[in-house]
file data37.cif (mmCIF, C-alpha atoms)
data_start
#
loop_
_atom_site.label_atom_id
_atom_site.label_comp_id
_atom_site.auth_asym_id
_atom_site.auth_seq_id
_atom_site.Cartn_x
_atom_site.Cartn_y
_atom_site.Cartn_z
CA MET A 1 -107.09 -121.00 -100.75
CA GLY A 2 -110.18 -119.15 -101.86
CA PRO A 3 -113.82 -120.22 -101.46
CA GLY A 4 -114.66 -123.38 -103.35
CA ARG A 5 -111.03 -124.46 -103.61
CA ARG A 6 -110.13 -125.38 -100.05
CA ARG A 7 -108.67 -128.83 -99.42
CA VAL A 8 -108.12 -130.24 -95.94
CA ARG A 9 -106.63 -133.51 -94.74
CA ALA A 10 -107.20 -135.30 -91.44
CA ASP A 11 -106.99 -138.74 -89.94
CA VAL A 12 -110.59 -138.55 -88.76
CA LEU A 13 -113.49 -136.26 -89.61
CA VAL A 14 -116.06 -136.06 -86.80
CA VAL A 15 -119.46 -134.67 -87.81
CA GLY A 16 -121.40 -133.16 -84.90
CA ALA A 17 -120.29 -131.42 -81.71
CA GLY A 18 -122.67 -132.88 -79.19
CA LEU A 19 -121.24 -134.75 -76.21
CA ALA A 20 -120.62 -137.86 -78.31
CA GLY A 21 -118.75 -136.05 -81.06
CA LEU A 22 -116.73 -133.88 -78.70
CA HIS A 23 -115.74 -136.83 -76.50
CA THR A 24 -114.74 -139.03 -79.45
CA ALA A 25 -112.72 -136.23 -81.08
CA THR A 26 -110.91 -135.38 -77.85
CA LEU A 27 -109.93 -138.98 -77.12
CA LEU A 28 -108.59 -139.47 -80.65
CA ALA A 29 -106.60 -136.22 -80.54
CA ARG A 30 -105.11 -137.18 -77.18
CA ALA A 31 -104.02 -140.45 -78.78
CA GLY A 32 -102.00 -138.44 -81.29
CA HIS A 33 -104.33 -138.41 -84.30
CA ASP A 34 -105.21 -135.45 -86.52
CA VAL A 35 -108.92 -134.78 -85.96
CA LEU A 36 -111.25 -132.33 -87.69
CA LEU A 37 -114.64 -131.69 -86.09
CA ALA A 38 -117.43 -130.05 -88.10
CA GLU A 39 -120.53 -128.62 -86.43
CA ARG A 40 -123.36 -126.93 -88.33
CA ARG A 41 -124.29 -124.67 -85.41
CA ALA A 42 -122.46 -121.35 -85.40
CA ARG A 43 -122.83 -121.25 -81.59
CA LEU A 44 -122.56 -124.37 -79.49
CA GLY A 45 -124.82 -122.83 -76.86
CA GLY A 46 -127.70 -122.58 -79.32
CA ALA A 47 -130.35 -125.15 -80.29
CA VAL A 48 -129.92 -127.50 -77.31
CA ARG A 49 -132.00 -130.64 -77.91
CA THR A 50 -131.68 -132.54 -74.64
CA THR A 51 -132.95 -132.08 -71.09
CA GLY A 52 -129.41 -132.87 -69.94
CA ILE A 53 -130.12 -135.45 -67.24
CA PHE A 54 -127.02 -137.28 -66.04
CA VAL A 55 -127.47 -140.46 -64.02
CA ARG A 56 -125.37 -141.57 -61.07
CA ARG A 57 -123.30 -144.02 -63.09
CA THR A 58 -122.24 -141.29 -65.51
CA LEU A 59 -121.39 -138.92 -62.70
CA ASP A 60 -119.28 -141.63 -61.06
CA ASP A 61 -117.39 -142.64 -64.20
CA PHE A 62 -116.86 -139.41 -66.17
CA ALA A 63 -115.13 -136.18 -65.14
CA LEU A 64 -117.89 -133.69 -65.90
CA PRO A 65 -117.28 -130.07 -64.78
CA PRO A 66 -119.20 -129.82 -61.48
CA GLU A 67 -119.79 -126.09 -61.97
CA HIS A 68 -122.02 -126.94 -64.96
CA LEU A 69 -124.19 -129.44 -63.07
CA GLY A 70 -127.28 -128.66 -61.05
CA PRO A 71 -127.99 -129.89 -57.50
CA PRO A 72 -128.36 -133.66 -57.02
CA ILE A 73 -131.80 -135.26 -57.23
CA ARG A 74 -132.82 -138.29 -55.16
CA ARG A 75 -136.61 -138.11 -55.41
CA VAL A 76 -138.83 -139.36 -58.27
CA VAL A 77 -142.62 -139.07 -58.28
CA LEU A 78 -144.66 -141.12 -60.79
CA TYR A 79 -148.21 -139.98 -61.60
CA PRO A 80 -151.08 -141.84 -63.28
CA PRO A 81 -153.27 -139.92 -65.77
CA SER A 82 -155.55 -138.66 -62.96
CA ARG A 83 -152.47 -137.43 -61.01
CA ARG A 84 -154.07 -138.93 -57.89
CA ARG A 85 -152.17 -141.27 -55.56
CA PRO A 86 -148.74 -140.84 -57.15
CA VAL A 87 -145.92 -143.25 -56.38
CA THR A 88 -142.93 -141.61 -54.70
CA LEU A 89 -139.48 -143.20 -54.79
CA VAL A 90 -136.55 -141.81 -52.82
CA SER A 91 -133.00 -143.09 -53.19
CA GLU A 92 -130.36 -143.17 -50.48
CA ARG A 93 -127.88 -141.78 -53.01
CA ASP A 94 -127.67 -138.86 -55.41
CA GLU A 95 -129.23 -140.31 -58.58
CA TYR A 96 -129.51 -137.45 -61.08
CA ARG A 97 -128.05 -134.06 -61.88
CA VAL A 98 -129.17 -131.81 -64.72
CA GLY A 99 -126.38 -130.31 -66.78
CA ASP A 100 -126.19 -126.84 -68.21
CA MET A 101 -125.80 -128.25 -71.70
CA ALA A 102 -124.78 -125.04 -73.42
CA ALA A 103 -121.95 -124.58 -70.91
CA LEU A 104 -120.99 -128.26 -71.17
CA TYR A 105 -120.77 -128.07 -74.97
CA LEU A 106 -118.57 -124.99 -74.76
CA ALA A 107 -116.36 -126.59 -72.12
CA GLY A 108 -116.13 -129.74 -74.24
CA ALA A 109 -115.13 -127.71 -77.29
CA ARG A 110 -112.38 -125.94 -75.32
CA THR A 111 -111.10 -129.30 -74.09
CA ALA A 112 -111.15 -130.70 -77.63
CA ALA A 113 -109.29 -127.69 -79.03
CA ALA A 114 -106.71 -127.92 -76.25
CA ALA A 115 -106.14 -131.56 -77.21
CA GLY A 116 -105.47 -130.52 -80.81
CA VAL A 117 -108.87 -130.97 -82.47
CA ARG A 118 -109.57 -128.51 -85.27
CA VAL A 119 -113.12 -127.32 -84.58
CA LEU A 120 -115.12 -125.82 -87.46
CA LEU A 121 -118.34 -124.14 -86.33
CA GLY A 122 -121.08 -123.05 -88.72
CA THR A 123 -119.94 -125.84 -91.03
CA ARG A 124 -122.42 -128.28 -92.53
CA TYR A 125 -121.68 -131.81 -93.67
CA GLU A 126 -122.88 -132.13 -97.26
CA GLY A 127 -121.97 -135.76 -97.95
CA GLY A 128 -119.25 -138.02 -99.23
CA GLY A 129 -117.65 -141.41 -98.90
CA ARG A 130 -114.50 -143.36 -99.73
CA SER A 131 -112.34 -141.04 -97.63
CA SER A 132 -113.55 -137.87 -99.38
CA PHE A 133 -116.14 -135.61 -97.76
CA LEU A 134 -117.65 -132.25 -98.60
CA LEU A 135 -118.31 -129.57 -95.99
CA SER A 136 -119.94 -126.19 -96.44
CA GLY A 137 -118.62 -123.48 -94.14
CA PRO A 138 -118.68 -119.70 -93.71
CA ASP A 139 -115.94 -119.34 -96.36
CA GLY A 140 -117.49 -121.74 -98.85
CA PRO A 141 -117.07 -125.45 -99.67
CA VAL A 142 -114.32 -127.50 -98.07
CA ARG A 143 -113.20 -130.87 -99.42
CA VAL A 144 -111.87 -133.12 -96.65
CA ARG A 145 -109.68 -136.15 -97.22
CA ALA A 146 -109.95 -138.29 -94.10
CA ARG A 147 -109.22 -141.92 -93.42
CA PHE A 148 -112.37 -142.31 -91.32
CA VAL A 149 -115.55 -140.35 -90.65
CA VAL A 150 -117.50 -140.42 -87.37
CA GLY A 151 -121.22 -139.73 -87.55
CA ALA A 152 -122.17 -137.88 -84.37
CA ASP A 153 -124.85 -135.96 -86.24
CA GLY A 154 -127.99 -136.96 -84.41
CA ALA A 155 -130.97 -139.25 -84.74
CA ARG A 156 -131.41 -138.59 -88.47
CA SER A 157 -127.76 -139.01 -89.37
CA ARG A 158 -126.64 -138.09 -92.89
CA VAL A 159 -123.33 -139.83 -92.27
CA ALA A 160 -125.22 -143.08 -91.64
CA ARG A 161 -126.95 -142.63 -94.99
CA ASP A 162 -123.69 -142.05 -96.86
CA LEU A 163 -121.94 -145.00 -95.23
CA VAL A 164 -124.98 -147.22 -95.88
CA LEU A 165 -125.28 -148.04 -92.18
CA ASP A 166 -128.45 -148.61 -90.19
CA ARG A 167 -130.63 -145.59 -89.47
CA ASN A 168 -133.11 -144.90 -86.68
CA GLU A 169 -136.67 -145.79 -87.55
CA HIS A 170 -138.35 -145.74 -84.12
CA LEU A 171 -138.44 -142.14 -82.98
CA LEU A 172 -140.27 -140.16 -80.34
CA THR A 173 -140.59 -136.40 -80.60
CA GLY A 174 -140.07 -134.31 -77.49
CA ALA A 175 -140.41 -130.66 -76.51
CA GLU A 176 -139.79 -128.81 -73.28
CA GLU A 177 -139.63 -125.41 -71.68
CA VAL A 178 -136.74 -124.49 -69.37
CA PHE A 179 -136.78 -121.58 -66.96
CA ALA A 180 -135.14 -120.47 -63.73
CA VAL A 181 -137.02 -121.06 -60.47
CA PRO A 182 -136.47 -119.41 -57.11
CA ALA A 183 -134.83 -121.44 -54.39
CA GLY A 184 -137.27 -122.70 -51.81
CA GLU A 185 -138.11 -125.60 -49.56
CA ARG A 186 -139.11 -127.90 -52.44
CA PRO A 187 -136.84 -130.97 -52.49
CA PRO A 188 -135.18 -131.48 -55.89
CA THR A 189 -137.58 -133.82 -57.67
CA PHE A 190 -138.11 -135.60 -60.97
CA HIS A 191 -141.88 -135.70 -61.66
CA CYS A 192 -143.12 -138.13 -64.37
CA VAL A 193 -146.71 -138.30 -65.64
CA VAL A 194 -147.75 -141.42 -67.56
CA ASP A 195 -150.74 -140.36 -69.68
CA PRO A 196 -151.14 -141.88 -73.17
CA VAL A 197 -153.37 -139.01 -74.27
CA LEU A 198 -151.04 -136.25 -73.13
CA ALA A 199 -147.78 -138.05 -74.05
CA PRO A 200 -148.60 -141.07 -76.27
CA GLY A 201 -146.08 -143.85 -75.88
CA TYR A 202 -143.89 -142.04 -73.38
CA LEU A 203 -144.45 -139.50 -70.59
CA ALA A 204 -144.62 -135.88 -69.54
CA TRP A 205 -142.11 -134.57 -67.01
CA VAL A 206 -141.08 -131.82 -64.66
CA VAL A 207 -137.49 -131.78 -63.42
CA ASP A 208 -137.10 -129.21 -60.63
CA ASP A 209 -133.64 -129.17 -59.08
CA GLY A 210 -134.21 -125.92 -57.19
CA ARG A 211 -132.43 -123.80 -59.82
CA HIS A 212 -134.22 -124.57 -63.05
CA ALA A 213 -137.42 -126.30 -64.05
CA HIS A 214 -137.67 -128.43 -67.18
CA VAL A 215 -141.29 -128.97 -68.24
CA GLY A 216 -141.74 -131.30 -71.19
CA VAL A 217 -143.69 -133.92 -73.08
CA ALA A 218 -142.64 -136.58 -75.56
CA GLY A 219 -144.39 -139.28 -77.54
CA TYR A 220 -144.96 -140.75 -80.96
CA PRO A 221 -145.55 -137.77 -83.26
CA ASP A 222 -148.48 -139.31 -85.16
CA ARG A 223 -150.37 -140.03 -81.93
CA PHE A 224 -150.61 -136.55 -80.37
CA PRO A 225 -154.36 -135.75 -80.62
CA GLY A 226 -153.86 -132.02 -81.14
CA GLY A 227 -150.17 -131.86 -81.87
CA MET A 228 -147.17 -131.79 -79.55
CA ARG A 229 -147.16 -128.02 -79.03
CA ARG A 230 -150.72 -128.07 -77.78
CA ALA A 231 -149.90 -131.00 -75.50
CA LEU A 232 -146.95 -129.10 -74.03
CA ALA A 233 -149.05 -125.97 -73.48
CA ARG A 234 -151.76 -128.01 -71.79
CA PHE A 235 -149.31 -129.82 -69.54
CA SER A 236 -147.30 -126.72 -68.69
CA ALA A 237 -150.42 -125.00 -67.35
CA THR A 238 -151.00 -127.73 -64.74
CA ALA A 239 -147.58 -129.36 -64.38
CA PRO A 240 -147.10 -131.02 -60.97
CA GLY A 241 -144.51 -129.91 -58.45
CA LEU A 242 -144.53 -126.22 -59.35
CA ASP A 243 -147.39 -124.93 -57.21
CA GLY A 244 -146.68 -121.36 -56.17
CA VAL A 245 -143.72 -121.01 -58.55
CA ARG A 246 -143.89 -118.00 -60.83
CA ARG A 247 -143.93 -118.99 -64.47
CA PRO A 248 -141.87 -116.59 -66.58
CA ALA A 249 -142.72 -115.79 -70.18
CA GLY A 250 -141.06 -114.63 -73.35
CA ALA A 251 -137.28 -114.57 -73.50
CA GLU A 252 -137.02 -115.93 -69.94
CA VAL A 253 -138.16 -119.35 -71.22
CA GLU A 254 -135.83 -121.52 -73.30
CA ARG A 255 -137.67 -123.86 -75.67
CA ARG A 256 -136.15 -127.13 -76.80
CA GLY A 257 -137.30 -129.98 -79.00
CA GLY A 258 -136.22 -132.74 -81.31
CA PRO A 259 -136.39 -136.43 -82.21
CA ILE A 260 -135.49 -139.15 -79.70
CA PRO A 261 -134.46 -142.59 -81.01
CA VAL A 262 -135.97 -145.41 -78.91
CA GLY A 263 -135.40 -148.45 -81.11
CA GLY A 264 -132.31 -149.45 -79.18
CA MET A 265 -128.74 -149.69 -80.44
CA LEU A 266 -128.65 -150.08 -84.21
CA ARG A 267 -127.08 -153.29 -85.45
CA ARG A 268 -124.80 -152.01 -88.20
CA ILE A 269 -123.03 -148.91 -86.87
CA GLY A 270 -119.60 -149.25 -88.47
CA CYS A 271 -117.88 -150.11 -91.75
CA SER A 272 -114.42 -149.77 -93.28
CA ASP A 273 -114.93 -146.03 -93.86
CA GLY A 274 -116.26 -144.94 -90.47
CA LEU A 275 -118.74 -145.42 -87.68
CA LEU A 276 -121.61 -143.87 -85.71
CA VAL A 277 -121.84 -142.64 -82.11
CA GLY A 278 -124.52 -141.12 -79.88
CA ASP A 279 -128.07 -140.73 -81.19
CA ALA A 280 -126.87 -141.59 -84.70
CA ALA A 281 -126.07 -145.10 -83.44
CA GLY A 282 -129.30 -145.36 -81.42
CA ALA A 283 -127.29 -145.21 -78.19
CA VAL A 284 -130.32 -144.22 -76.12
CA SER A 285 -132.19 -146.25 -73.52
CA PRO A 286 -135.32 -147.54 -75.30
CA LEU A 287 -137.41 -147.17 -72.14
CA THR A 288 -136.21 -144.05 -70.33
CA ALA A 289 -134.92 -142.26 -73.47
CA GLY A 290 -131.79 -141.35 -71.53
CA GLY A 291 -128.93 -140.96 -73.96
CA LEU A 292 -126.09 -139.10 -72.27
CA ASP A 293 -124.62 -142.11 -70.47
CA PRO A 294 -124.65 -144.54 -73.42
CA CYS A 295 -123.38 -141.83 -75.78
CA LEU A 296 -120.28 -141.24 -73.64
CA ARG A 297 -119.60 -144.96 -73.20
CA LEU A 298 -120.03 -145.72 -76.89
CA SER A 299 -117.75 -142.79 -77.76
CA GLU A 300 -114.96 -144.31 -75.68
CA HIS A 301 -115.40 -147.64 -77.46
CA ALA A 302 -115.44 -145.88 -80.85
CA ALA A 303 -112.26 -143.95 -80.11
CA ALA A 304 -110.46 -147.13 -79.03
CA VAL A 305 -111.50 -148.96 -82.22
CA LEU A 306 -110.46 -146.06 -84.47
CA ASP A 307 -107.14 -145.66 -82.65
CA ASP A 308 -106.41 -149.35 -83.26
CA ALA A 309 -107.33 -149.04 -86.96
CA LEU A 310 -105.20 -145.93 -87.47
CA ARG A 311 -102.17 -147.37 -85.70
CA THR A 312 -102.27 -150.77 -87.39
CA GLY A 313 -103.61 -149.70 -90.78
CA ARG A 314 -106.14 -152.52 -90.58
CA THR A 315 -109.65 -151.51 -91.57
CA ASP A 316 -110.99 -154.82 -90.28
CA ALA A 317 -110.40 -153.41 -86.78
CA LEU A 318 -113.76 -151.67 -87.21
CA ALA A 319 -115.45 -155.07 -87.33
CA HIS A 320 -115.17 -155.05 -83.53
CA TYR A 321 -117.52 -152.08 -83.48
CA ASP A 322 -120.63 -154.24 -83.53
CA GLY A 323 -124.00 -152.74 -82.65
CA ALA A 324 -125.71 -156.13 -82.68
CA ALA A 325 -123.58 -157.32 -79.76
CA LEU A 326 -124.17 -154.11 -77.82
CA ARG A 327 -127.90 -154.23 -78.55
CA ALA A 328 -128.26 -157.37 -76.43
CA ARG A 329 -127.71 -155.27 -73.29
CA PHE A 330 -130.94 -153.41 -74.04
CA ARG A 331 -133.10 -156.50 -74.53
CA GLY A 332 -135.13 -156.06 -71.34
CA ARG A 333 -135.73 -152.37 -71.89
CA LEU A 334 -136.67 -152.97 -75.51
CA ALA A 335 -139.40 -155.35 -74.30
CA LEU A 336 -140.64 -152.75 -71.82
CA ARG A 337 -140.55 -150.11 -74.58
CA HIS A 338 -142.83 -152.26 -76.73
CA GLY A 339 -145.16 -152.64 -73.75
CA LEU A 340 -145.28 -148.90 -73.04
CA ALA A 341 -145.95 -148.16 -76.71
CA ARG A 342 -149.08 -150.32 -76.50
CA VAL A 343 -150.55 -148.32 -73.60
CA ARG A 344 -153.06 -146.23 -75.53
CA THR A 345 -155.80 -145.43 -73.01
CA PRO A 346 -155.81 -143.81 -69.54
CA ALA A 347 -157.62 -146.88 -68.18
CA VAL A 348 -154.72 -149.17 -69.12
CA ALA A 349 -152.18 -146.74 -67.66
CA THR A 350 -154.19 -146.52 -64.43
CA ALA A 351 -154.32 -150.30 -64.19
CA GLY A 352 -150.55 -150.38 -64.55
CA PHE A 353 -150.24 -148.11 -61.52
CA ALA A 354 -152.15 -150.65 -59.43
CA LEU A 355 -149.23 -153.02 -60.05
CA LEU A 356 -146.68 -150.24 -59.55
CA ARG A 357 -147.98 -149.64 -56.02
CA THR A 358 -147.21 -153.23 -54.98
CA PRO A 359 -143.81 -154.09 -53.43
CA PRO A 360 -142.64 -155.95 -56.60
CA GLY A 361 -143.83 -153.04 -58.74
CA ARG A 362 -141.99 -150.48 -56.64
CA ALA A 363 -138.85 -152.66 -56.69
CA ALA A 364 -139.02 -152.86 -60.50
CA ALA A 365 -139.47 -149.08 -60.76
CA ARG A 366 -136.49 -148.48 -58.48
CA ARG A 367 -134.37 -150.79 -60.61
CA ILE A 368 -135.32 -148.92 -63.79
CA LEU A 369 -134.95 -145.42 -62.36
CA PHE A 370 -132.05 -145.93 -59.94
CA GLY A 371 -130.31 -148.97 -61.43
#

call {"tool": "encode", "arguments": {"input": "data37.cif", "output": "structure tokens"}}
result
Amino acid sequence: MGPGRRRVRADVLVVGAGLAGLHTATLLARAGHDVLLAERRARLGGAVRTTGIFVRRTLDDFALPPEHLGPPIRRVVLYPPSRRRPVTLVSERDEYRVGDMAALYLAGARTAAAAGVRVLLGTRYEGGGRSSFLLSGPDGPVRVRARFVVGADGARSRVARDLVLDRNEHLLTGAEEVFAVPAGERPPTFHCVVDPVLAPGYLAWVVDDGRHAHVGVAGYPDRFPGGMRRALARFSATAPGLDGVRRPAGAEVERRGGPIPVGGMLRRIGCSDGLLVGDAAGAVSPLTAGGLDPCLRLSEHAAAVLDDALRTGRTDALAHYDGAALRARFRGRLALRHGLARVRTPAVATAGFALLRTPPGRAAARRILFG
């Protein structure tokens, strides 16, 4: 049918082709359901918004393509604002690997398509509800009739708005530069700088796995003294761990940025018409801002709930998709998040490092970073 007149039916419409959306769509298609996935990006390799850090638990539990993962990282170095006397933690196991997110998205899309998912790129979600949703694609508007919709459309989810579900209110803003680094004798290391002036309410980081360096800052957007871009430029010029490494410029540097929800799992993330996954559901660690592990785990739960609802015809099956119950698992990290948000001066951050250097402090840090 011509532009403006297209009609499409599906069991489930998934909005957003990040890891959460791709994983949910693939699981539902493998269960025998008709799934349509809409992604506003014309190229999945463009506009990456995450550093792509996968933790050990994710690597153990999910079959990620090893060819799209960087070398393992066991070493974390924590720096106070002065950068003097940092705290170094080394694990006996491989704790982190940084994914090539563009390649992982493309691999995920191929897997989804092979499972039967209809993937529409360059297609924007315009709104809807009550099983009727409007998309805008390269060939014009598309009206979708779907039993359920899955909001995998990021921290500022439009699906959440249309379904009258909870929306993220506590957001950090992050930005980073990514570039290739020459192999050397530097051990793969995750460097973290806690400086409330440079990165208010969060931290600045360098992840150097021996192949690529990720140099970034994140914090509350209204508390950057001169703006986030200036903070990133300032940090990038003196970032730790990259002494003697040539810094490329221009097209050799990939720049990323975006909002990071840190309010914990939202309470109301599902209703009779659909549900939320990934950043849209607040499935991000409030303290570390790591979201890839919880997004994959929540996607599996979401797919199981939707499969049950589609097979039984019972919309009350979605009542089991309860963010309030899941939120309890983040209680400790939510408390630590509130504490970190109150660190507003370098003096307070420096005093915190005095505790971090004690055996109990180091044990707590290991539990957070390696647990």

call {"tool": "closest_residue", "arguments": {"input": "data37.cif", "among": "A:Asp94, A:Glu176, A:Asp307, A:Glu185", "to": "Arg211 in chain A", "atoms": "only C-alpha atoms"}}
result
A:Glu185

call {"tool": "resolve_selection", "arguments": {"input": "data37.cif", "expression": "the PyMOL selection byres ((chain A and resi 37) around 12)", "output": "PDB file with C-alpha atoms, in the coordinates of the input"}}
result
ATOM      1  CA  VAL A   8    -108.120-130.240 -95.940  1.00  0.00           C
ATOM      2  CA  ARG A   9    -106.630-133.510 -94.740  1.00  0.00           C
ATOM      3  CA  ALA A  10    -107.200-135.300 -91.440  1.00  0.00           C
ATOM      4  CA  ASP A  11    -106.990-138.740 -89.940  1.00  0.00           C
ATOM      5  CA  VAL A  12    -110.590-138.550 -88.760  1.00  0.00           C
ATOM      6  CA  LEU A  13    -113.490-136.260 -89.610  1.00  0.00           C
ATOM      7  CA  VAL A  14    -116.060-136.060 -86.800  1.00  0.00           C
ATOM      8  CA  VAL A  15    -119.460-134.670 -87.810  1.00  0.00           C
ATOM      9  CA  GLY A  16    -121.400-133.160 -84.900  1.00  0.00           C
ATOM     10  CA  ALA A  17    -120.290-131.420 -81.710  1.00  0.00           C
ATOM     11  CA  GLY A  18    -122.670-132.880 -79.190  1.00  0.00           C
ATOM     12  CA  ALA A  20    -120.620-137.860 -78.310  1.00  0.00           C
ATOM     13  CA  GLY A  21    -118.750-136.050 -81.060  1.00  0.00           C
ATOM     14  CA  LEU A  22    -116.730-133.880 -78.700  1.00  0.00           C
ATOM     15  CA  HIS A  23    -115.740-136.830 -76.500  1.00  0.00           C
ATOM     16  CA  THR A  24    -114.740-139.030 -79.450  1.00  0.00           C
ATOM     17  CA  ALA A  25    -112.720-136.230 -81.080  1.00  0.00           C
ATOM     18  CA  THR A  26    -110.910-135.380 -77.850  1.00  0.00           C
ATOM     19  CA  LEU A  28    -108.590-139.470 -80.650  1.00  0.00           C
ATOM     20  CA  ALA A  29    -106.600-136.220 -80.540  1.00  0.00           C
ATOM     21  CA  ASP A  34    -105.210-135.450 -86.520  1.00  0.00           C
ATOM     22  CA  VAL A  35    -108.920-134.780 -85.960  1.00  0.00           C
ATOM     23  CA  LEU A  36    -111.250-132.330 -87.690  1.00  0.00           C
ATOM     24  CA  ALA A  38    -117.430-130.050 -88.100  1.00  0.00           C
ATOM     25  CA  GLU A  39    -120.530-128.620 -86.430  1.00  0.00           C
ATOM     26  CA  ARG A  40    -123.360-126.930 -88.330  1.00  0.00           C
ATOM     27  CA  ARG A  41    -124.290-124.670 -85.410  1.00  0.00           C
ATOM     28  CA  ALA A 109    -115.130-127.710 -77.290  1.00  0.00           C
ATOM     29  CA  ALA A 112    -111.150-130.700 -77.630  1.00  0.00           C
ATOM     30  CA  ALA A 113    -109.290-127.690 -79.030  1.00  0.00           C
ATOM     31  CA  GLY A 116    -105.470-130.520 -80.810  1.00  0.00           C
ATOM     32  CA  VAL A 117    -108.870-130.970 -82.470  1.00  0.00           C
ATOM     33  CA  ARG A 118    -109.570-128.510 -85.270  1.00  0.00           C
ATOM     34  CA  VAL A 119    -113.120-127.320 -84.580  1.00  0.00           C
ATOM     35  CA  LEU A 120    -115.120-125.820 -87.460  1.00  0.00           C
ATOM     36  CA  LEU A 121    -118.340-124.140 -86.330  1.00  0.00           C
ATOM     37  CA  GLY A 122    -121.080-123.050 -88.720  1.00  0.00           C
ATOM     38  CA  THR A 123    -119.940-125.840 -91.030  1.00  0.00           C
ATOM     39  CA  ARG A 124    -122.420-128.280 -92.530  1.00  0.00           C
ATOM     40  CA  TYR A 125    -121.680-131.810 -93.670  1.00  0.00           C
ATOM     41  CA  LEU A 135    -118.310-129.570 -95.990  1.00  0.00           C
ATOM     42  CA  VAL A 144    -111.870-133.120 -96.650  1.00  0.00           C
ATOM     43  CA  ALA A 146    -109.950-138.290 -94.100  1.00  0.00           C
ATOM     44  CA  VAL A 149    -115.550-140.350 -90.650  1.00  0.00           C
ATOM     45  CA  VAL A 150    -117.500-140.420 -87.370  1.00  0.00           C
ATOM     46  CA  GLY A 151    -121.220-139.730 -87.550  1.00  0.00           C
ATOM     47  CA  ALA A 152    -122.170-137.880 -84.370  1.00  0.00           C
ATOM     48  CA  ASP A 153    -124.850-135.960 -86.240  1.00  0.00           C
TER      49      ASP A 153
END

call {"tool": "atom_distance", "arguments": {"input": "data37.cif", "atom1": "CA of Leu355 in chain A", "atom2": "CA of Tyr79 in chain A"}}
result
13.2 Å

call {"tool": "closest_residue", "arguments": {"input": "data37.cif", "among": "A:Leu27, A:Leu89, A:Ala42, A:Leu69", "to": "Leu369 in chain A", "atoms": "only C-alpha atoms"}}
result
A:Leu89

call {"tool": "residues_around", "arguments": {"input": "data37.cif", "residues": "Asp222 in chain A", "least_positions_apart": "2", "cutoff": "12 Å", "atoms": "only C-alpha atoms", "output": "PyMOL selection string"}}
result
chain A and resi 171-173+197+199-201+218-220+224-228

call {"tool": "atom_distance", "arguments": {"input": "data37.cif", "atom1": "CA of Asp100 in chain A", "atom2": "CA of Gly70 in chain A"}}
result
7.5 Å

call {"tool": "residues_around", "arguments": {"input": "data37.cif", "residues": "Leu340 in chain A", "least_positions_apart": "6", "cutoff": "12 Å", "atoms": "all atoms listed in the file", "output": "list in words"}}
result
Val194, Asp195, Pro196, Ala199, Pro200, Gly201, Tyr202, Leu203, Gly219, Tyr220, Val262, Pro286, Leu287, Thr288, Arg333, Leu334, Val348, Ala349 and Gly352 of chain A

call {"tool": "resolve_selection", "arguments": {"input": "data37.cif", "expression": "the PyMOL selection byres ((chain A and resi 76) around 7)", "output": "CSV table (one decimal) with C-alpha atoms, in the frame of the given file"}}
result
chain,number,residue,atom,x,y,z
A,74,ARG,CA,-132.8,-138.3,-55.2
A,75,ARG,CA,-136.6,-138.1,-55.4
A,77,VAL,CA,-142.6,-139.1,-58.3
A,78,LEU,CA,-144.7,-141.1,-60.8
A,88,THR,CA,-142.9,-141.6,-54.7
A,89,LEU,CA,-139.5,-143.2,-54.8
A,90,VAL,CA,-136.6,-141.8,-52.8
A,189,THR,CA,-137.6,-133.8,-57.7
A,190,PHE,CA,-138.1,-135.6,-61.0
A,191,HIS,CA,-141.9,-135.7,-61.7

call {"tool": "atom_distance", "arguments": {"input": "data37.cif", "atom1": "CA of Pro66 in chain A", "atom2": "CA of Thr50 in chain A"}}
result
18.3 Å

call {"tool": "resolve_selection", "arguments": {"input": "data37.cif", "expression": "the PyMOL selection byres ((chain A and resi 242) around 12)", "output": "PyMOL selection string"}}
result
chain A and resi 179-191+205-210+212-215+235-241+243-247

call {"tool": "residues_near_point", "arguments": {"input": "data37.cif", "point": "(-115.8, -136.0, -69.1)", "cutoff": "10 Å", "atoms": "all atoms listed in the file", "output": "list in words"}}
result
Leu19, Leu22, His23, Thr58, Leu59, Asp61, Phe62, Ala63, Leu64, Pro65, Leu104, Ala107, Gly108, Thr111 and Leu296 of chain A

call {"tool": "residues_around", "arguments": {"input": "data37.cif", "residues": "Gly128 in chain A", "least_positions_apart": "4", "cutoff": "9 Å", "atoms": "all atoms listed in the file", "output": "PyMOL selection string"}}
result
chain A and resi 132-134+159+162-163

call {"tool": "closest_residue", "arguments": {"input": "data37.cif", "among": "A:Arg337, A:Arg85, A:Arg110, A:Arg167", "to": "Leu356 in chain A", "atoms": "only C-alpha atoms"}}
result
A:Arg85

call {"tool": "closest_residue", "arguments": {"input": "data37.cif", "among": "A:Ile368, A:Ala175, A:Ala103, A:Ala303", "to": "His68 in chain A", "atoms": "all atoms listed in the file"}}
result
A:Ala103

call {"tool": "closest_residue", "arguments": {"input": "data37.cif", "among": "A:Arg357, A:Arg6, A:Arg56, A:Arg367", "to": "Val87 in chain A", "atoms": "all atoms listed in the file"}}
result
A:Arg357
